[in-house]
Amino acid sequence: MTEPAGQPSTVKNAYRPLADRMRPSSIDDVAGQKHILEPSKPLYQSIRSGAIHSLVFWGPPGTGKTTLARIIANYGNAEFVTVSAVLSGIKEIREAVAKARTLLDVEQTRTVLFVDEVHRFNKSQQDAFLPHVEDGTIIFIGATTENPSFELNNALLSRLRVYLLKPLSKDDIAHLINRALHDHEAGLGQLALKISDKAVSSLAHFANGDARSALNILEIASDLTEDGRITQSLISEIMAGGLVGRFDKRGDHFHDQISALHKSVRGSDPDAALYWLCRMLNAGCDPIYIARRVVRMASEDIGNADPRALRLALDAWDVQTRLGDPEGPLAIAQAVVYLAIAAKSNAVYTAFNAATRSASETGSMEVPNHLRNAPTKLMKSLDYGKGYRYAHNEPGGYAAGENYFPEGMDRETFYNPVDRGLEIRIREKLMALRKLDSESMSGKS
């Protein structure tokens, strides 16, 4: 972008990206994040008062993590030092801490140590910050796109406040675009560009909540326009290849989307389930992973209400394994739709969890003799298998009143079929069997 003569500040900015030039320096100019930056919120008040503390900003790219860290340092009259977990190691951490200690001892100046992508540091690297956070040598501010609960060790995390940053709304993005177009000092105002409302809307949509992305696209468009007009078609041309949703195979967006797919199936909404399936596939998720999760859904949320769901889920997995694209994803979609409209029951899932807890609590109880196998004379002499009632020889093929639990353990009822799908019949069968048990026990008494 050519800068006109007589604009020293503009010339100074010539080689800085628009997104960096437009970075706000005041807390009141930050776009979005009103859930933590309204005047009544503790973070806003602490920043305004300069009472800064160690923290972590967790959120998607382009939501203002670096900007807020710089603003905090500015309001706190602190030195701002940045370390990137991608490019730095223990050596750089020690150098940054040494510089902070010198500033504190000699000039009584605090240091905000901003650690970008802190989740990329391993445990020993994260531990290196601990003593210096505790003794006040540094004000630690981390930035991460990953869930701190999983990516930061507990020792460091316990010393930090975590603030969640949200993707910017389309209105927030549109406001940033217009501000950049009219800002003569740091933005594109001196170019007198024109942009249609449709182009602003398209750019806000393409940016997907990422302010940096929106401003980068706007800057490219300003370079490419020939008549000073930024049109919707120009924005679309720059973004050729389509909009791919934010997705990371290790990140929370990944887990959030698979969670949305699972909950849509559980909630019997085939359309929403298909939407989340296609979101994940379009963003590059491995179809095999989705197929595995669909099998889980079949057992967890449909169970014996419709046992065909599990078979169909396994078949979809098999098709994906054997044929790949495009047949595989279509088979997975078929399974997802079927699961969404199938009768639902989590009775087996609930029973499995309850039985697991019971087994862990009573795991030392011995198998009763009548249930033990007796393949040798010694075992028979120890009464292994004695008194066992062979169900096939009992009336109706059922040994009414027989106890299959360990001696001394109360009989448990883990599995309670619901009144949906095939489990209606299963419940009727179990009620009949339990009635026979009750009659048999009362007869013995």
# chains A, B, ... in the order shown; residues from 1 in each chain; ligands from 1
call {"tool": "select_by_dssp", "arguments": {"residues": "region 140-207 of chain A", "states": "helix (DSSP H, G or I)", "output": "PyMOL selection string"}}
result
chain A and resi 148-151+154-157+170-182+189-191+197-207
call {"tool": "closest_atom_pairs", "arguments": {"of": "region 122-185 of chain A", "to": "region 63-75 of chain A", "cutoff": "8 Å", "atoms": "only C-alpha atoms", "output": "JSON lines"}}
result
{"residue": "A:Ile141", "atom": "CA", "partner": "A:Ala69", "partner_atom": "CA", "distance": 6.7}
{"residue": "A:Ala143", "atom": "CA", "partner": "A:Lys65", "partner_atom": "CA", "distance": 6.1}
{"residue": "A:Leu165", "atom": "CA", "partner": "A:Thr63", "partner_atom": "CA", "distance": 6.4}
{"residue": "A:Lys166", "atom": "CA", "partner": "A:Thr63", "partner_atom": "CA", "distance": 6.6}
{"residue": "A:Pro167", "atom": "CA", "partner": "A:Thr63", "partner_atom": "CA", "distance": 5.9}
{"residue": "A:Leu168", "atom": "CA", "partner": "A:Thr63", "partner_atom": "CA", "distance": 6.4}
call {"tool": "write_last_selection", "arguments": {"atoms": "N, CA and C atoms", "output": "mmCIF file, in the first residue's frame"}}
result
data_model
loop_
_atom_site.group_PDB
_atom_site.id
_atom_site.type_symbol
_atom_site.label_atom_id
_atom_site.label_comp_id
_atom_site.auth_asym_id
_atom_site.auth_seq_id
_atom_site.Cartn_x
_atom_site.Cartn_y
_atom_site.Cartn_z
ATOM 1 N N ILE A 141 0.805 -13.384 32.131
ATOM 2 C CA ILE A 141 -0.418 -13.417 31.336
ATOM 3 C C ILE A 141 -0.210 -14.414 30.208
ATOM 4 N N ALA A 143 -1.788 -16.784 26.983
ATOM 5 C CA ALA A 143 -2.819 -16.797 25.952
ATOM 6 C C ALA A 143 -2.876 -18.195 25.369
ATOM 7 N N LEU A 165 -12.493 -15.751 26.489
ATOM 8 C CA LEU A 165 -12.826 -14.786 25.443
ATOM 9 C C LEU A 165 -13.675 -15.474 24.373
ATOM 10 N N LYS A 166 -14.665 -14.775 23.897
ATOM 11 C CA LYS A 166 -15.610 -15.350 22.936
ATOM 12 C C LYS A 166 -15.363 -14.808 21.533
ATOM 13 N N PRO A 167 -15.738 -15.559 20.504
ATOM 14 C CA PRO A 167 -15.631 -15.030 19.134
ATOM 15 C C PRO A 167 -16.432 -13.738 19.019
ATOM 16 N N LEU A 168 -15.921 -12.813 18.233
ATOM 17 C CA LEU A 168 -16.615 -11.549 18.065
ATOM 18 C C LEU A 168 -17.892 -11.756 17.241
#
call {"tool": "residues_around", "arguments": {"residues": "Pro417 (chain A)", "least_positions_apart": "2", "cutoff": "10 Å", "atoms": "only C-alpha atoms", "output": "ChimeraX atom specification"}}
result
/A:303-305,345-348,351,414-415,419-428,430
call {"tool": "residues_around", "arguments": {"residues": "Ser202 (chain A)", "least_positions_apart": "6", "cutoff": "9 Å", "atoms": "only C-alpha atoms", "output": "compact mmCIF listing (two decimals) with all heavy atoms, in the first residue's frame"}}
result
# COMPACT_ATOMS: atom_id res chain seq x y z
N GLN A 232 -18.74 -7.06 -2.70
CA GLN A 232 -18.95 -8.41 -2.18
C GLN A 232 -18.23 -9.44 -3.03
O GLN A 232 -17.66 -10.40 -2.52
CB GLN A 232 -20.45 -8.72 -2.12
CG GLN A 232 -20.77 -10.08 -1.52
CD GLN A 232 -22.25 -10.36 -1.50
OE1 GLN A 232 -23.04 -9.64 -2.11
NE2 GLN A 232 -22.66 -11.41 -0.80
N ILE A 235 -14.55 -9.56 -2.08
CA ILE A 235 -14.36 -10.30 -0.83
C ILE A 235 -14.48 -11.80 -1.08
O ILE A 235 -13.67 -12.60 -0.60
CB ILE A 235 -15.38 -9.85 0.24
CG1 ILE A 235 -15.18 -8.37 0.59
CG2 ILE A 235 -15.29 -10.73 1.48
CD1 ILE A 235 -13.87 -8.07 1.25
N SER A 236 -15.46 -12.19 -1.87
CA SER A 236 -15.67 -13.61 -2.16
C SER A 236 -14.49 -14.18 -2.94
O SER A 236 -14.09 -15.32 -2.72
CB SER A 236 -16.97 -13.80 -2.96
OG SER A 236 -18.09 -13.37 -2.21
call {"tool": "atom_distance", "arguments": {"atom1": "CA of Tyr404 (chain A)", "atom2": "CA of Gly363 (chain A)"}}
result
14.8 Å
call {"tool": "closest_residue", "arguments": {"among": "A:Ser358, A:Thr82, A:Ser49, A:Ser259", "to": "Thr413 (chain A)", "atoms": "only C-alpha atoms"}}
result
A:Ser358
